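S.K.: Before anything else, here's the structure in question.
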Amino acid sequence: MARIVIAEDQAHIRHILMMWLGKHGHEVVEATNGRAALEALSKAPADLLITDVNMPEMDGIALTHRAFEVCPSLRHIFVVTSRCDQHEIVAQVEAHRVTVIPKPFSPKQLIKDVETVCQPLPVASIAN
Amino acid sequence: MAQKRTPEKSEQLANPPPTGAARWRNGGVVRRHTLSTGAVVLGVALLAGLLASWLFESQANARLVNRAPSLLRLSTQLVSRSPIRSEVELARLAEEFERIPQVRGCDIEIRTVLADGAVAPSSAPAIRYQSQPASTAETLRLSAPIVDAAGLAYGNMSLSFAAVEYSWWDARLWVGLTIIVLAACVGLFIFDRRAQRALRPLEQVQQNLLAYHDGVEPALDLLAVQGGAGVIADAWNTFIQGVSELRREVERFRCRDAIQSAHTGGARVSGQVLERLPVGVVRLDERDVIVHANRAACTLLTLESSAIGSPLVKSLRETEIAQTLISLRGSPCGATRDLKIKSGAATSVVRTTVLSGGTEELLLMLQDVSQTVEAEQARDEFLAHITHELRTPLTNIRAYTETLTQDFLDDEQTRRECYNVIMSETRRLTKLIEDVLSVSQIESGGGRLVRAPVRVEELLRQTMQEMQAAADAKQIKLGLKIPSKVPMVSGDKHRLHQVWTNLIGNAIKYTPEGRSVSVEVESEEGRLRTRVTDTGIGIAPEHHEKIFEKFYRVDDPGVAATEGTGLGLAITREILRMHGGSIRVESELGKGSTFVIDLPPLRSIEREAARKG
């Protein structure tokens, strides 16, 4: 089980993500824009951030840049976007800890990706 | 040696163009005809004169024969009434008679003289008057007795008359003169014909020279004429042979000149074409010195024409541009590079294509592609927006459909919600596609208006009715305030319906539940003004213009939460612009918005047609 923050201004998408993640036993915090999500991340530690790119007040890119800083416990960020310039988004974020998922996405596949990321770290890496 | 004219040439001369030469030729013909005709007319006139004089004399004689007896009778009556006492008195009377025209002689004898002094009738003549011997011209002599009041003859009177005489001498003179004149005419005629025949070669020479003067190529025929005019023909023939030789020589020169000018003129024409090309062409030599730059190249690179012959780096204001151009040396033919060149406040995009990129010569073609690039950018942005807008409903449809297939979904309420979301997102997708098609149609000019007089009241009521369900769903009160007489507008009913649907739809979308939306129509100086007022979230002043741009949506949670393609207002404004109308918004954040539409009135002629229709 992981603690996940969702930043998405579209209610339907936010709602369906919460439903899927909740059904799979994750604890979900929802935010309708980047600023609210950043606030949520700073208040309580989270494992994952799932964010849209185009959002009012603060967009997903800016959020991604500051998320690891305000939330050291954050392990990975999923950027879900319907924008065409995904390669530019990838170039703007830390590629190894951020995955860009184009819309329309499969919730089932997203759950798989989330679970892959949330697996306990190998012992060797802990030792390191 | 004589050459006959070919039929074509004869025809050419027979139907010459109406030139000065032709007029002169015709003048010659008229002169010849006048001479011949004149002679004939003169002869006929003489004969006619002769005949007329003879007829006149015959008439005069006939009149005399009729008149003479009555003249004599009157004369005898005059004698019998006159108191004649002596020969002197008789002679005086007789002289009076002789004064009568055509009377040539008079012979009066009185035989008896009465006691009272008057002459009485008697057997022997008492008094007699006899004029001079009768003239040779006498043609008629008449006598009558002189009678007294009682009817007794006492004397006798004779009168001689001379008629206008038909003189054989006179006739011969006339005939002779006529014959002489006729002979002269015939002689002249014959001489004229012969002279014409003899001078024909000269006429041909004249015609040829006149034709040449008029720009017609003369028939260079040799003439075969004997006699006096033959000398002229010989001179002509010599001239013609000289001209033919000269002409051949000129033709040879002309061919040579044409071949030469084809070379030099071709180069000149190419130079002119190159100079006027809308595409810039620049040629640099091996040291990057400008060898050639046409007018368009100078304009595009902001080069002075005096820069030709100078190194490119020194001639261009922006050294960076010069370096980029020079760096194209060695590039393959057809390689391109886009340059951004500043000219004053504007920046243009110049596409440079390598035509020849060798070490000795660098030949570049320059095109201003600013508009193309701008159009490409606009198209890319439009496509990016559409893709983005399509992905959002598609994401929902995919996610909710996938959810419906999951086992964890055991709740009927959630299942229904999923179906509803799929339905609404499908509608949103359909609306988006319709809007995109509308934009595309309007922008490509294919969305032409099908104009007809539109009854605004009818159309508005219909639209309001259609929107009622959406308003009811949010318990929004829809109100329409419309005057009794609304002017018709000239427009496309379908497009105007689209305008009002968009505006009323937006008003309902952005108005919270339980509030109201009103539509108000007023007519100002024939212009039709419609106000669509909502009591919704309102629009900040900085967005008042931008909301009419394509895909622009205000960055606001209230807007983001509301479905929309960002195309509705752009389409609305474009449709109104096509109608000659306008749209603006009056709004304050949090206090609702009013969209004000103005439409021009129906022109009087259309109004008339609509009333009849």
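Simple scheme: letters A, B, ... for chains in structure tokens order, numbers from 1 for residues in each chain, numbers from 1 for ligands in the order shown.
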Taking the chain letters and numbering used in this document, name the residues of stretch 399-555 of chain B that DSSP puts in alpha helix (DSSP H), as a ChimeraX atom specification.
M.R.: /B:399-404,412-443,456-473,493-509
S.K.: Using only C-alpha atoms, tabulate the residues of chain A lying at most 7 Å from any atom of chain B, each with its closest atom pair and that distance in Å to one decimal, by chain and increasing residue number, as CSV.
M.R.:
```
residue,atom,partner,partner_atom,distance
A:Asp9,CA,B:Ala560,CA,6.9
A:Gln10,CA,B:Ala561,CA,6.7
A:His12,CA,B:Asn396,CA,6.7
A:Ile13,CA,B:Asn396,CA,6.3
A:Pro56,CA,B:Asp555,CA,5.5
A:Ser82,CA,B:His388,CA,5.1
A:Arg83,CA,B:His388,CA,5.4
A:Cys84,CA,B:Ala384,CA,6.0
A:Lys103,CA,B:Thr395,CA,5.8
A:Pro104,CA,B:Thr395,CA,3.9
A:Phe105,CA,B:Thr395,CA,6.3
A:Ser106,CA,B:Ala399,CA,6.2
A:Pro107,CA,B:Ala399,CA,6.0
```
S.K.: Mind listing the strand (DSSP E) residues of stretch 305-547 of chain B, per DSSP on the backbone, as an NGL selection string?
M.R.: :B and (336-343 or 346-357 or 362-368 or 452-454 or 477-481 or 489-491 or 516-524 or 527-534)
S.K.: From the options A:Val28, A:Val90, A:Val100, A:Leu48, which residue's atoms come nearest to A:Val114, counting only C-alpha atoms?
M.R.: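 Among the listed residues, A:Leu48 lies closest to A:Val114.
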S.K.: Can you pull out every residue within 12 Å of A:Gly22, counting only C-alpha atoms, but drop anything in the same chain fewer than 4 positions away, and send it as a PDB file with N, CA and C atoms, in the first residue's frame?
M.R.:
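Produced file result.pdb, reproduced below:
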```pdb
ATOM      1  N   MET A   1       0.844  -1.214   0.000  1.00  0.00           N
ATOM      2  CA  MET A   1       0.000   0.000   0.000  1.00  0.00           C
ATOM      3  C   MET A   1       0.874   1.257   0.000  1.00  0.00           C
ATOM      4  N   ALA A   2       0.459   2.204  -0.821  1.00  0.00           N
ATOM      5  CA  ALA A   2       1.251   3.434  -0.905  1.00  0.00           C
ATOM      6  C   ALA A   2       0.354   4.650  -0.681  1.00  0.00           C
ATOM      7  N   ARG A   3       1.008   5.701  -0.314  1.00  0.00           N
ATOM      8  CA  ARG A   3       0.255   6.965  -0.161  1.00  0.00           C
ATOM      9  C   ARG A   3       0.478   7.763  -1.455  1.00  0.00           C
ATOM     10  N   ILE A   4      -0.609   8.069  -2.144  1.00  0.00           N
ATOM     11  CA  ILE A   4      -0.492   8.675  -3.481  1.00  0.00           C
ATOM     12  C   ILE A   4      -1.247  10.005  -3.525  1.00  0.00           C
ATOM     13  N   VAL A   5      -0.593  11.020  -4.121  1.00  0.00           N
ATOM     14  CA  VAL A   5      -1.258  12.324  -4.320  1.00  0.00           C
ATOM     15  C   VAL A   5      -1.624  12.434  -5.807  1.00  0.00           C
ATOM     16  N   ILE A   6      -2.866  12.792  -6.047  1.00  0.00           N
ATOM     17  CA  ILE A   6      -3.310  12.972  -7.442  1.00  0.00           C
ATOM     18  C   ILE A   6      -3.567  14.463  -7.681  1.00  0.00           C
ATOM     19  N   ARG A  14      -9.986  12.452 -12.190  1.00  0.00           N
ATOM     20  CA  ARG A  14      -9.597  12.394 -10.776  1.00  0.00           C
ATOM     21  C   ARG A  14     -10.422  11.314 -10.074  1.00  0.00           C
ATOM     22  N   HIS A  15     -11.694  11.338 -10.377  1.00  0.00           N
ATOM     23  CA  HIS A  15     -12.626  10.405  -9.736  1.00  0.00           C
ATOM     24  C   HIS A  15     -12.283   8.949 -10.073  1.00  0.00           C
ATOM     25  N   ILE A  16     -12.016   8.662 -11.325  1.00  0.00           N
ATOM     26  CA  ILE A  16     -11.763   7.278 -11.736  1.00  0.00           C
ATOM     27  C   ILE A  16     -10.419   6.786 -11.172  1.00  0.00           C
ATOM     28  N   LEU A  17      -9.409   7.709 -11.121  1.00  0.00           N
ATOM     29  CA  LEU A  17      -8.105   7.317 -10.563  1.00  0.00           C
ATOM     30  C   LEU A  17      -8.252   6.962  -9.083  1.00  0.00           C
ATOM     31  N   MET A  18      -9.026   7.801  -8.397  1.00  0.00           N
ATOM     32  CA  MET A  18      -9.235   7.551  -6.971  1.00  0.00           C
ATOM     33  C   MET A  18      -9.922   6.213  -6.757  1.00  0.00           C
ATOM     34  N   HIS A  26      -4.702   1.570  -2.043  1.00  0.00           N
ATOM     35  CA  HIS A  26      -3.798   2.697  -1.822  1.00  0.00           C
ATOM     36  C   HIS A  26      -4.542   3.842  -1.151  1.00  0.00           C
ATOM     37  N   GLU A  27      -3.759   4.640  -0.458  1.00  0.00           N
ATOM     38  CA  GLU A  27      -4.349   5.813   0.192  1.00  0.00           C
ATOM     39  C   GLU A  27      -4.154   7.000  -0.757  1.00  0.00           C
ATOM     40  N   VAL A  28      -5.238   7.645  -1.099  1.00  0.00           N
ATOM     41  CA  VAL A  28      -5.164   8.678  -2.140  1.00  0.00           C
ATOM     42  C   VAL A  28      -5.560  10.053  -1.588  1.00  0.00           C
ATOM     43  N   VAL A  29      -4.757  11.056  -1.963  1.00  0.00           N
ATOM     44  CA  VAL A  29      -5.094  12.447  -1.625  1.00  0.00           C
ATOM     45  C   VAL A  29      -5.304  13.178  -2.962  1.00  0.00           C
ATOM     46  N   GLU A  30      -6.413  13.880  -3.079  1.00  0.00           N
ATOM     47  CA  GLU A  30      -6.674  14.537  -4.382  1.00  0.00           C
ATOM     48  C   GLU A  30      -6.472  16.047  -4.317  1.00  0.00           C
ATOM     49  N   ILE A 111      -2.193   1.126 -12.789  1.00  0.00           N
ATOM     50  CA  ILE A 111      -2.131   0.425 -11.491  1.00  0.00           C
ATOM     51  C   ILE A 111      -0.897  -0.495 -11.462  1.00  0.00           C
TER      52      ILE A 111
ATOM     53  N   PHE B 408     -14.168  -5.474  -9.514  1.00  0.00           N
ATOM     54  CA  PHE B 408     -14.383  -4.732  -8.263  1.00  0.00           C
ATOM     55  C   PHE B 408     -15.592  -3.796  -8.332  1.00  0.00           C
ATOM     56  N   LEU B 409     -16.123  -3.625  -9.532  1.00  0.00           N
ATOM     57  CA  LEU B 409     -17.269  -2.723  -9.669  1.00  0.00           C
ATOM     58  C   LEU B 409     -18.548  -3.514  -9.410  1.00  0.00           C
TER      59      LEU B 409
END
```
S.K.: Can you list, as a ChimeraX atom specification, every protein, DNA or RNA residue that comes within 12 Å of A:Ala91 when you count only C-alpha atoms, leaving out same-chain residues fewer than 6 positions away?
M.R.: /A:61,65,85,98-100
S.K.: With only C-alpha atoms as the counted atoms, please give the residues lying no more than 12 Å from B:Thr594, apart from itself and same-chain residues fewer than 4 positions off, as a list in words.
M.R.: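 These residues fall inside the cut-off: Leu503, Ile504, Asn506, Ala507, Tyr510, Thr511, Val517, Ser518, Val519, Glu520, Thr530, Arg531, Val532, Thr533, Asp534, Thr535, Gly536, Ile537, Gly538, Ile539, His544, Ile583, Arg584, Val585, Glu586, Ser587, Glu588 and Leu589 of chain B.
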S.K.: Please measure the separation of atom CA of B:Leu429 and atom CA of B:Gly514, giving the value in Å to one decimal.
M.R.: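 Going from atom CA of B:Leu429 over to atom CA of B:Gly514, I get 27.6 Å.
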